[in-house]
Amino acid sequence: MESILALALEYTLKYWLKSFSRDQFKLQGHTAQLSNLDINGDALHASMGLPPALNVATAKVGKLEIMLPYVSNVQIEPIIVQIDRLDVVLEENPDVDASRTTTSKQSSTSSTKGAGYGFADKIADGMTLQIQTANLLLETRGGAQRGGGATWEICLDGRASPMASITMRNLILYTTNENWQVVNLKEARDFSSDKKFIYVFKKLEWESLSVDLLPHPDMFADVQGGANHRDDDGAKRVFFGGERFLEGISGEANITVQRTELNSPLGLEVQLHITEAVCPALSEPGLRALLRFFTGLYLCLNRGDVDPKSQQRSAEAAGRSLVSIIVDHIFLCIKDAGLCHSTVFCCSLLSLSFLLFRYVIEVVVL
């Protein structure tokens with residue numbers, strides 16, 4: 001049984017890690033440690049249900065520790081995976097050909113998926129993941145590189161949108177039943193026993209989430225081009241040097257994964273709940289940068305030159321993804337109180353940008 005468990009772990013690690021070999025994995029009692037790992041970006045892209053216009057540029061793990069339960073309990077108790085640091089960079093594909101290349105790479109990594117729901121898959125689905133610090137850098141091109149339509153050119157006037165640096169601390173992802181209650185893994189799998197599909201229910205909790213807006217490198221070219229540039233509304237363009245948008249937010253998410261009987265994912269649903277979203281004092285350039293970021297992200301997710309029907313979707317990528325966000329309270333502080341007219345203008349545009357996102361995410365403010 002121990003050798004079977006070791007093979008199941010190797011199977012999982014080979015899927016998630018680049019250039020993994022058996023020599024790297026050595027059990028010492030009930031624990032194993034690995035360090036300085038590169039995650040397979042295509043596997044991460046597919047599991048997160050990311051759109052084809054986004055690409056996982058890099059994904060690295062500092063130190064990974066695996067803690068096994070007693071062999072007799074492996075069917076009912078989860079394997080604990082602890083990660084000290086996870087760094088991920090998401091960037092927008094510059095053109096449709098790049099997204100097709102990414103999709104073809106995903107197809108080549110999916111040969112181990114869709115062949116059935118075996119012991120290794122059940123063990124992997126039941127794992128509990130603990131991450132001390134997760135850093136995500138999101139870079140979109142803001143419609144600056146392509147002319148696929150009027151909306152693509154007009155919304156950001158050919159200028160780069162800011163980047164978002166997202167930091168999450170003390171994350172835990174664990175398996176539950178369909179009522180989001182912690183039960184043994186056998187009971188969690190019972191829900192799918194009389195169904196024609198495989199369902200996996202996960203709960204994600206995090207202690208702190210912060211979002212910083214960072215200037216895109218192309219923004220420096222705008223500043224060097226002259227100091228008298230003005231935006232479309234006539235306001236003088238002020239250089240944006242970076243600003244914190246959200247500070248120390250805790251929350252949780254209920255995650256449902258639906259797969260076929262052959263273990264090929266069909267859908268992914270994520271329901272996020274945040275009790276309080278605290279936005280520290282933003283300046284007027286910060287508010288404008290925030291609007292530009294959301295607009296650039298919206299353009300990225302709705303690229304006219306990326307046709308999902310024309311692409312060969314990878315076997316393990318979910319056919320549909322649904323993300324809903326519920327925020328109980330939002331606290332927003334504006335730094336430049338004297339700039340009332342411009343602030344109201346920016347807030348109005350910001351509200352409009354949230355309305356535009358109704359096709360991407362559902363935002364509910366109670």
# chains A, B, ... in the order shown; residues from 1 in each chain; ligands from 1
>>> residues_around(residues="region 80-89 of chain A", least_positions_apart="5", cutoff="10 Å", atoms="only C-alpha atoms", output="mmCIF file with N, CA, C and O atoms, in the first residue's frame")
data_model
loop_
_atom_site.group_PDB
_atom_site.id
_atom_site.type_symbol
_atom_site.label_atom_id
_atom_site.label_comp_id
_atom_site.auth_asym_id
_atom_site.auth_seq_id
_atom_site.Cartn_x
_atom_site.Cartn_y
_atom_site.Cartn_z
ATOM 1 N N THR A 31 6.657 12.255 5.761
ATOM 2 C CA THR A 31 6.838 13.590 5.179
ATOM 3 C C THR A 31 7.815 13.534 4.006
ATOM 4 O O THR A 31 8.646 12.631 3.900
ATOM 5 N N ALA A 32 7.682 14.528 3.137
ATOM 6 C CA ALA A 32 8.606 14.711 2.017
ATOM 7 C C ALA A 32 8.730 16.204 1.765
ATOM 8 O O ALA A 32 7.749 16.948 1.894
ATOM 9 N N GLN A 33 9.925 16.640 1.408
ATOM 10 C CA GLN A 33 10.171 18.059 1.184
ATOM 11 C C GLN A 33 10.809 18.280 -0.183
ATOM 12 O O GLN A 33 11.686 17.518 -0.598
ATOM 13 N N LEU A 34 10.327 19.321 -0.870
ATOM 14 C CA LEU A 34 10.883 19.744 -2.147
ATOM 15 C C LEU A 34 11.063 21.255 -2.098
ATOM 16 O O LEU A 34 10.375 21.947 -1.340
ATOM 17 N N SER A 35 11.955 21.791 -2.902
ATOM 18 C CA SER A 35 12.195 23.233 -2.873
ATOM 19 C C SER A 35 12.557 23.742 -4.265
ATOM 20 O O SER A 35 12.997 22.969 -5.133
ATOM 21 N N ASN A 36 12.338 25.058 -4.456
ATOM 22 C CA ASN A 36 12.663 25.754 -5.707
ATOM 23 C C ASN A 36 12.050 25.036 -6.915
ATOM 24 O O ASN A 36 12.748 24.538 -7.801
ATOM 25 N N LEU A 37 10.722 25.007 -6.938
ATOM 26 C CA LEU A 37 9.986 24.255 -7.946
ATOM 27 C C LEU A 37 9.328 25.185 -8.955
ATOM 28 O O LEU A 37 8.869 26.276 -8.612
ATOM 29 N N ASP A 38 9.262 24.749 -10.203
ATOM 30 C CA ASP A 38 8.533 25.445 -11.258
ATOM 31 C C ASP A 38 7.240 24.687 -11.538
ATOM 32 O O ASP A 38 7.273 23.497 -11.879
ATOM 33 N N ILE A 39 6.117 25.374 -11.397
ATOM 34 C CA ILE A 39 4.819 24.749 -11.635
ATOM 35 C C ILE A 39 4.514 24.754 -13.129
ATOM 36 O O ILE A 39 4.853 25.696 -13.849
ATOM 37 N N GLY A 41 2.677 25.716 -15.945
ATOM 38 C CA GLY A 41 1.746 26.813 -16.158
ATOM 39 C C GLY A 41 0.487 26.388 -16.892
ATOM 40 O O GLY A 41 -0.603 26.914 -16.630
ATOM 41 N N LEU A 44 -1.832 24.731 -14.409
ATOM 42 C CA LEU A 44 -2.415 25.750 -13.539
ATOM 43 C C LEU A 44 -3.472 26.556 -14.285
ATOM 44 O O LEU A 44 -4.537 26.876 -13.738
ATOM 45 N N ASN A 55 -2.237 34.170 -20.046
ATOM 46 C CA ASN A 55 -1.221 33.122 -20.063
ATOM 47 C C ASN A 55 -0.480 33.117 -18.734
ATOM 48 O O ASN A 55 -0.192 34.175 -18.169
ATOM 49 N N VAL A 56 -0.182 31.930 -18.210
ATOM 50 C CA VAL A 56 0.636 31.810 -17.006
ATOM 51 C C VAL A 56 2.093 31.899 -17.435
ATOM 52 O O VAL A 56 2.671 30.931 -17.954
ATOM 53 N N ALA A 57 2.695 33.076 -17.233
ATOM 54 C CA ALA A 57 4.080 33.279 -17.665
ATOM 55 C C ALA A 57 5.045 32.499 -16.782
ATOM 56 O O ALA A 57 5.926 31.801 -17.280
ATOM 57 N N THR A 58 4.912 32.642 -15.471
ATOM 58 C CA THR A 58 5.750 31.906 -14.520
ATOM 59 C C THR A 58 4.914 31.519 -13.311
ATOM 60 O O THR A 58 3.960 32.220 -12.957
ATOM 61 N N ALA A 59 5.298 30.426 -12.693
ATOM 62 C CA ALA A 59 4.669 29.973 -11.449
ATOM 63 C C ALA A 59 5.719 29.189 -10.676
ATOM 64 O O ALA A 59 6.177 28.140 -11.135
ATOM 65 N N LYS A 60 6.114 29.712 -9.531
ATOM 66 C CA LYS A 60 7.214 29.119 -8.769
ATOM 67 C C LYS A 60 6.806 28.901 -7.313
ATOM 68 O O LYS A 60 6.031 29.671 -6.742
ATOM 69 N N VAL A 61 7.366 27.857 -6.742
ATOM 70 C CA VAL A 61 7.148 27.511 -5.332
ATOM 71 C C VAL A 61 8.495 27.540 -4.626
ATOM 72 O O VAL A 61 9.482 26.996 -5.134
ATOM 73 N N GLY A 62 8.533 28.169 -3.441
ATOM 74 C CA GLY A 62 9.769 28.205 -2.668
ATOM 75 C C GLY A 62 10.076 26.865 -2.027
ATOM 76 O O GLY A 62 10.990 26.140 -2.429
ATOM 77 N N LYS A 63 9.280 26.493 -1.028
ATOM 78 C CA LYS A 63 9.472 25.203 -0.345
ATOM 79 C C LYS A 63 8.131 24.513 -0.225
ATOM 80 O O LYS A 63 7.134 25.128 0.152
ATOM 81 N N LEU A 64 8.105 23.227 -0.541
ATOM 82 C CA LEU A 64 6.890 22.422 -0.490
ATOM 83 C C LEU A 64 7.119 21.240 0.429
ATOM 84 O O LEU A 64 8.106 20.514 0.290
ATOM 85 N N GLU A 65 6.207 21.040 1.356
ATOM 86 C CA GLU A 65 6.295 19.916 2.294
ATOM 87 C C GLU A 65 5.007 19.114 2.239
ATOM 88 O O GLU A 65 3.903 19.678 2.303
ATOM 89 N N ILE A 66 5.128 17.810 2.090
ATOM 90 C CA ILE A 66 3.985 16.901 2.016
ATOM 91 C C ILE A 66 3.955 16.063 3.292
ATOM 92 O O ILE A 66 4.965 15.450 3.664
ATOM 93 N N MET A 67 2.798 16.052 3.951
ATOM 94 C CA MET A 67 2.623 15.272 5.173
ATOM 95 C C MET A 67 1.512 14.252 4.960
ATOM 96 O O MET A 67 0.367 14.620 4.642
ATOM 97 N N LEU A 68 1.853 12.992 5.100
ATOM 98 C CA LEU A 68 0.920 11.906 4.817
ATOM 99 C C LEU A 68 0.249 11.408 6.089
ATOM 100 O O LEU A 68 0.876 11.370 7.148
ATOM 101 N N PRO A 69 -1.023 10.997 5.991
ATOM 102 C CA PRO A 69 -1.661 10.324 7.126
ATOM 103 C C PRO A 69 -1.172 8.872 7.208
ATOM 104 O O PRO A 69 -0.389 8.425 6.357
ATOM 105 N N GLY A 126 -8.516 15.072 -2.703
ATOM 106 C CA GLY A 126 -8.742 15.183 -1.267
ATOM 107 C C GLY A 126 -7.661 15.938 -0.513
ATOM 108 O O GLY A 126 -7.777 16.137 0.703
ATOM 109 N N MET A 127 -6.615 16.377 -1.203
ATOM 110 C CA MET A 127 -5.506 17.053 -0.528
ATOM 111 C C MET A 127 -5.944 18.380 0.099
ATOM 112 O O MET A 127 -6.806 19.082 -0.423
ATOM 113 N N THR A 128 -5.323 18.705 1.224
ATOM 114 C CA THR A 128 -5.472 20.015 1.852
ATOM 115 C C THR A 128 -4.221 20.831 1.566
ATOM 116 O O THR A 128 -3.103 20.379 1.822
ATOM 117 N N LEU A 129 -4.425 22.022 1.017
ATOM 118 C CA LEU A 129 -3.315 22.880 0.613
ATOM 119 C C LEU A 129 -3.226 24.083 1.543
ATOM 120 O O LEU A 129 -4.216 24.797 1.746
ATOM 121 N N GLN A 130 -2.043 24.311 2.107
ATOM 122 C CA GLN A 130 -1.798 25.457 2.983
ATOM 123 C C GLN A 130 -0.654 26.280 2.394
ATOM 124 O O GLN A 130 0.419 25.753 2.129
ATOM 125 N N ILE A 131 -0.902 27.583 2.197
ATOM 126 C CA ILE A 131 0.095 28.476 1.601
ATOM 127 C C ILE A 131 0.299 29.665 2.524
ATOM 128 O O ILE A 131 -0.666 30.345 2.881
ATOM 129 N N GLN A 132 1.530 29.915 2.905
ATOM 130 C CA GLN A 132 1.815 31.052 3.774
ATOM 131 C C GLN A 132 1.660 32.372 3.031
ATOM 132 O O GLN A 132 0.998 33.290 3.504
ATOM 133 N N THR A 133 2.285 32.489 1.859
ATOM 134 C CA THR A 133 2.216 33.721 1.079
ATOM 135 C C THR A 133 2.072 33.375 -0.390
ATOM 136 O O THR A 133 2.837 32.583 -0.934
ATOM 137 N N ALA A 134 1.054 33.975 -1.036
ATOM 138 C CA ALA A 134 0.848 33.806 -2.465
ATOM 139 C C ALA A 134 0.891 35.177 -3.124
ATOM 140 O O ALA A 134 0.159 36.093 -2.728
ATOM 141 N N ASN A 135 1.753 35.325 -4.123
ATOM 142 C CA ASN A 135 1.901 36.586 -4.846
ATOM 143 C C ASN A 135 1.486 36.388 -6.295
ATOM 144 O O ASN A 135 1.982 35.481 -6.975
ATOM 145 N N LEU A 136 0.564 37.233 -6.760
ATOM 146 C CA LEU A 136 0.076 37.157 -8.135
ATOM 147 C C LEU A 136 0.268 38.513 -8.805
ATOM 148 O O LEU A 136 -0.196 39.539 -8.294
ATOM 149 N N LEU A 137 0.956 38.527 -9.927
ATOM 150 C CA LEU A 137 1.130 39.736 -10.723
ATOM 151 C C LEU A 137 0.317 39.579 -11.993
ATOM 152 O O LEU A 137 0.525 38.636 -12.761
ATOM 153 N N LEU A 138 -0.625 40.502 -12.222
ATOM 154 C CA LEU A 138 -1.512 40.440 -13.381
ATOM 155 C C LEU A 138 -1.210 41.606 -14.309
ATOM 156 O O LEU A 138 -1.304 42.772 -13.914
ATOM 157 N N GLU A 139 -0.843 41.291 -15.541
ATOM 158 C CA GLU A 139 -0.489 42.312 -16.523
ATOM 159 C C GLU A 139 -1.354 42.152 -17.763
ATOM 160 O O GLU A 139 -1.365 41.101 -18.405
ATOM 161 N N SER A 165 -0.704 43.877 -8.446
ATOM 162 C CA SER A 165 0.069 42.950 -7.617
ATOM 163 C C SER A 165 -0.818 42.522 -6.449
ATOM 164 O O SER A 165 -1.181 43.338 -5.599
ATOM 165 N N ILE A 166 -1.183 41.243 -6.427
ATOM 166 C CA ILE A 166 -2.097 40.710 -5.416
ATOM 167 C C ILE A 166 -1.304 39.820 -4.463
ATOM 168 O O ILE A 166 -0.608 38.902 -4.892
ATOM 169 N N THR A 167 -1.423 40.113 -3.179
ATOM 170 C CA THR A 167 -0.728 39.332 -2.146
ATOM 171 C C THR A 167 -1.748 38.744 -1.192
ATOM 172 O O THR A 167 -2.570 39.474 -0.619
ATOM 173 N N MET A 168 -1.706 37.433 -1.022
ATOM 174 C CA MET A 168 -2.597 36.732 -0.095
ATOM 175 C C MET A 168 -1.739 35.982 0.916
ATOM 176 O O MET A 168 -0.712 35.392 0.565
ATOM 177 N N ARG A 169 -2.178 35.990 2.170
ATOM 178 C CA ARG A 169 -1.424 35.335 3.232
ATOM 179 C C ARG A 169 -2.303 34.342 3.992
ATOM 180 O O ARG A 169 -3.494 34.580 4.185
ATOM 181 N N ASN A 170 -1.656 33.246 4.388
ATOM 182 C CA ASN A 170 -2.292 32.201 5.190
ATOM 183 C C ASN A 170 -3.560 31.673 4.523
ATOM 184 O O ASN A 170 -4.669 31.780 5.045
ATOM 185 N N LEU A 171 -3.353 31.071 3.359
ATOM 186 C CA LEU A 171 -4.448 30.439 2.634
ATOM 187 C C LEU A 171 -4.553 28.976 3.036
ATOM 188 O O LEU A 171 -3.539 28.315 3.291
ATOM 189 N N ILE A 172 -5.774 28.467 3.030
ATOM 190 C CA ILE A 172 -6.002 27.042 3.241
ATOM 191 C C ILE A 172 -7.133 26.603 2.327
ATOM 192 O O ILE A 172 -8.181 27.253 2.257
ATOM 193 N N LEU A 173 -6.895 25.544 1.575
ATOM 194 C CA LEU A 173 -7.868 24.981 0.645
ATOM 195 C C LEU A 173 -8.106 23.533 1.046
ATOM 196 O O LEU A 173 -7.172 22.724 1.058
ATOM 197 N N TYR A 174 -9.343 23.195 1.397
ATOM 198 C CA TYR A 174 -9.628 21.849 1.890
ATOM 199 C C TYR A 174 -10.930 21.323 1.293
ATOM 200 O O TYR A 174 -11.772 22.080 0.785
#
>>> closest_residue(among="A:Ile255, A:Ile330, A:Ala43, A:Ile4", to="Gly267 (chain A)", atoms="only C-alpha atoms")
A:Ile255
>>> closest_residue(among="A:Glu91, A:Glu247, A:Asp190, A:Glu207", to="Ile76 (chain A)", atoms="only C-alpha atoms")
A:Asp190
>>> closest_residue(among="A:Phe119, A:Phe25, A:Phe20, A:Tyr70", to="Ala8 (chain A)", atoms="only C-alpha atoms")
A:Phe119
>>> atom_distance(atom1="CA of Glu269 (chain A)", atom2="CA of Lys196 (chain A)")
18.2 Å
>>> atom_distance(atom1="CA of Val71 (chain A)", atom2="CA of His30 (chain A)")
9.2 Å
>>> atom_distance(atom1="CA of Asp212 (chain A)", atom2="CA of Val270 (chain A)")
23.0 Å
>>> residues_around(residues="Cys279 (chain A)", least_positions_apart="3", cutoff="9 Å", atoms="only C-alpha atoms", output="list in words")
Arg244, Phe245, Leu246, Glu247, Leu282, Ile330, Phe331, Leu332, Cys333 and Ile334 of chain A
>>> residues_around(residues="Arg189 (chain A)", least_positions_apart="4", cutoff="10 Å", atoms="only C-alpha atoms", output="PDB file with N, CA, C and O atoms, in the first residue's frame")
ATOM      1  N   ILE A  76      -9.606   8.253   3.844  1.00  0.00           N
ATOM      2  CA  ILE A  76     -10.559   9.102   4.565  1.00  0.00           C
ATOM      3  C   ILE A  76      -9.932  10.382   5.114  1.00  0.00           C
ATOM      4  O   ILE A  76     -10.635  11.351   5.396  1.00  0.00           O
ATOM      5  N   LYS A 122      -8.254  10.504  -6.877  1.00  0.00           N
ATOM      6  CA  LYS A 122      -9.017  10.668  -5.647  1.00  0.00           C
ATOM      7  C   LYS A 122      -8.143  11.227  -4.521  1.00  0.00           C
ATOM      8  O   LYS A 122      -8.578  12.087  -3.752  1.00  0.00           O
ATOM      9  N   ASP A 125      -7.544  14.955  -5.275  1.00  0.00           N
ATOM     10  CA  ASP A 125      -8.730  15.778  -5.015  1.00  0.00           C
ATOM     11  C   ASP A 125      -8.957  15.997  -3.524  1.00  0.00           C
ATOM     12  O   ASP A 125      -9.535  17.013  -3.127  1.00  0.00           O
ATOM     13  N   GLY A 126      -8.516  15.072  -2.703  1.00  0.00           N
ATOM     14  CA  GLY A 126      -8.742  15.183  -1.267  1.00  0.00           C
ATOM     15  C   GLY A 126      -7.661  15.938  -0.513  1.00  0.00           C
ATOM     16  O   GLY A 126      -7.777  16.137   0.703  1.00  0.00           O
ATOM     17  N   THR A 175     -11.104  20.011   1.360  1.00  0.00           N
ATOM     18  CA  THR A 175     -12.244  19.325   0.768  1.00  0.00           C
ATOM     19  C   THR A 175     -13.412  19.275   1.750  1.00  0.00           C
ATOM     20  O   THR A 175     -13.220  19.057   2.947  1.00  0.00           O
ATOM     21  N   THR A 176     -14.618  19.470   1.231  1.00  0.00           N
ATOM     22  CA  THR A 176     -15.834  19.400   2.050  1.00  0.00           C
ATOM     23  C   THR A 176     -16.866  18.541   1.319  1.00  0.00           C
ATOM     24  O   THR A 176     -16.626  18.041   0.215  1.00  0.00           O
ATOM     25  N   ASN A 177     -18.040  18.417   1.948  1.00  0.00           N
ATOM     26  CA  ASN A 177     -19.161  17.800   1.255  1.00  0.00           C
ATOM     27  C   ASN A 177     -19.937  18.880   0.505  1.00  0.00           C
ATOM     28  O   ASN A 177     -19.527  20.040   0.451  1.00  0.00           O
ATOM     29  N   GLU A 178     -21.085  18.508  -0.059  1.00  0.00           N
ATOM     30  CA  GLU A 178     -21.857  19.461  -0.855  1.00  0.00           C
ATOM     31  C   GLU A 178     -22.451  20.597  -0.027  1.00  0.00           C
ATOM     32  O   GLU A 178     -22.886  21.618  -0.585  1.00  0.00           O
ATOM     33  N   VAL A 183     -15.956  16.733   6.321  1.00  0.00           N
ATOM     34  CA  VAL A 183     -16.251  15.328   6.603  1.00  0.00           C
ATOM     35  C   VAL A 183     -15.054  14.508   6.130  1.00  0.00           C
ATOM     36  O   VAL A 183     -14.134  15.030   5.503  1.00  0.00           O
ATOM     37  N   ASN A 184     -15.066  13.203   6.430  1.00  0.00           N
ATOM     38  CA  ASN A 184     -13.975  12.392   5.910  1.00  0.00           C
ATOM     39  C   ASN A 184     -14.124  12.269   4.398  1.00  0.00           C
ATOM     40  O   ASN A 184     -15.210  12.454   3.830  1.00  0.00           O
ATOM     41  N   LEU A 185     -13.043  11.967   3.724  1.00  0.00           N
ATOM     42  CA  LEU A 185     -13.015  12.028   2.268  1.00  0.00           C
ATOM     43  C   LEU A 185     -13.956  11.022   1.616  1.00  0.00           C
ATOM     44  O   LEU A 185     -14.505  11.288   0.535  1.00  0.00           O
ATOM     45  N   SER A 193     -21.579   9.268  -6.066  1.00  0.00           N
ATOM     46  CA  SER A 193     -21.695   7.820  -6.258  1.00  0.00           C
ATOM     47  C   SER A 193     -22.879   7.444  -7.148  1.00  0.00           C
ATOM     48  O   SER A 193     -22.801   6.475  -7.907  1.00  0.00           O
ATOM     49  N   ILE A 198     -18.657  13.544 -11.802  1.00  0.00           N
ATOM     50  CA  ILE A 198     -17.833  13.603 -10.597  1.00  0.00           C
ATOM     51  C   ILE A 198     -17.868  15.036 -10.082  1.00  0.00           C
ATOM     52  O   ILE A 198     -17.632  15.974 -10.835  1.00  0.00           O
ATOM     53  N   TYR A 199     -18.174  15.183  -8.797  1.00  0.00           N
ATOM     54  CA  TYR A 199     -18.208  16.499  -8.176  1.00  0.00           C
ATOM     55  C   TYR A 199     -17.170  16.558  -7.056  1.00  0.00           C
ATOM     56  O   TYR A 199     -17.073  15.630  -6.246  1.00  0.00           O
ATOM     57  N   VAL A 200     -16.417  17.642  -7.037  1.00  0.00           N
ATOM     58  CA  VAL A 200     -15.449  17.888  -5.976  1.00  0.00           C
ATOM     59  C   VAL A 200     -15.787  19.244  -5.361  1.00  0.00           C
ATOM     60  O   VAL A 200     -15.917  20.245  -6.071  1.00  0.00           O
ATOM     61  N   PHE A 201     -15.943  19.262  -4.035  1.00  0.00           N
ATOM     62  CA  PHE A 201     -16.295  20.490  -3.325  1.00  0.00           C
ATOM     63  C   PHE A 201     -15.117  20.918  -2.458  1.00  0.00           C
ATOM     64  O   PHE A 201     -14.584  20.128  -1.671  1.00  0.00           O
TER      65      PHE A 201
END
>>> select_by_dssp(residues="region 1-124 of chain A", states="helix (DSSP H, G or I)", output="VMD selection string")
chain A and resid 2 to 16 22 to 24 41 to 47 71 to 73 96 to 109 119 to 124
>>> select_by_dssp(residues="region 229-304 of chain A", states="strand (DSSP E or B)", output="ChimeraX atom specification")
/A:230,236,243-246,251-259,265-282
>>> closest_residue(among="A:Pro280, A:Pro78, A:Gln28, A:Val257", to="Val182 (chain A)", atoms="only C-alpha atoms")
A:Pro78
>>> residues_around(residues="Leu9 (chain A)", least_positions_apart="3", cutoff="8 Å", atoms="only C-alpha atoms", output="compact mmCIF listing (two decimals) with all heavy atoms, in the first residue's frame")
# COMPACT_ATOMS: atom_id res chain seq x y z
N LEU A 5 0.83 4.33 -2.74
CA LEU A 5 0.66 5.72 -2.35
C LEU A 5 1.79 6.59 -2.90
O LEU A 5 1.56 7.71 -3.39
CB LEU A 5 0.59 5.83 -0.83
CG LEU A 5 0.42 7.24 -0.25
CD1 LEU A 5 -0.85 7.89 -0.78
CD2 LEU A 5 0.38 7.18 1.27
N ALA A 6 3.01 6.06 -2.85
CA ALA A 6 4.15 6.81 -3.38
C ALA A 6 4.02 7.03 -4.88
O ALA A 6 4.30 8.12 -5.40
CB ALA A 6 5.45 6.06 -3.06
N THR A 12 0.85 12.70 -9.34
CA THR A 12 0.32 14.05 -9.14
C THR A 12 1.40 15.10 -9.31
O THR A 12 1.19 16.15 -9.96
CB THR A 12 -0.30 14.16 -7.73
OG1 THR A 12 -1.35 13.19 -7.60
CG2 THR A 12 -0.89 15.55 -7.50
N LEU A 13 2.57 14.85 -8.75
CA LEU A 13 3.66 15.83 -8.84
C LEU A 13 4.15 15.99 -10.28
O LEU A 13 4.50 17.10 -10.70
CB LEU A 13 4.81 15.41 -7.93
CG LEU A 13 4.53 15.48 -6.42
CD1 LEU A 13 5.68 14.87 -5.64
CD2 LEU A 13 4.29 16.92 -5.99
N ALA A 120 -5.04 7.68 -7.69
CA ALA A 120 -4.21 8.90 -7.61
C ALA A 120 -5.06 10.15 -7.74
O ALA A 120 -4.81 11.15 -7.06
CB ALA A 120 -3.14 8.87 -8.71
N ALA A 124 -5.47 13.09 -4.93
CA ALA A 124 -5.15 14.48 -5.26
C ALA A 124 -6.33 15.41 -4.96
O ALA A 124 -6.15 16.51 -4.44
CB ALA A 124 -4.75 14.59 -6.73
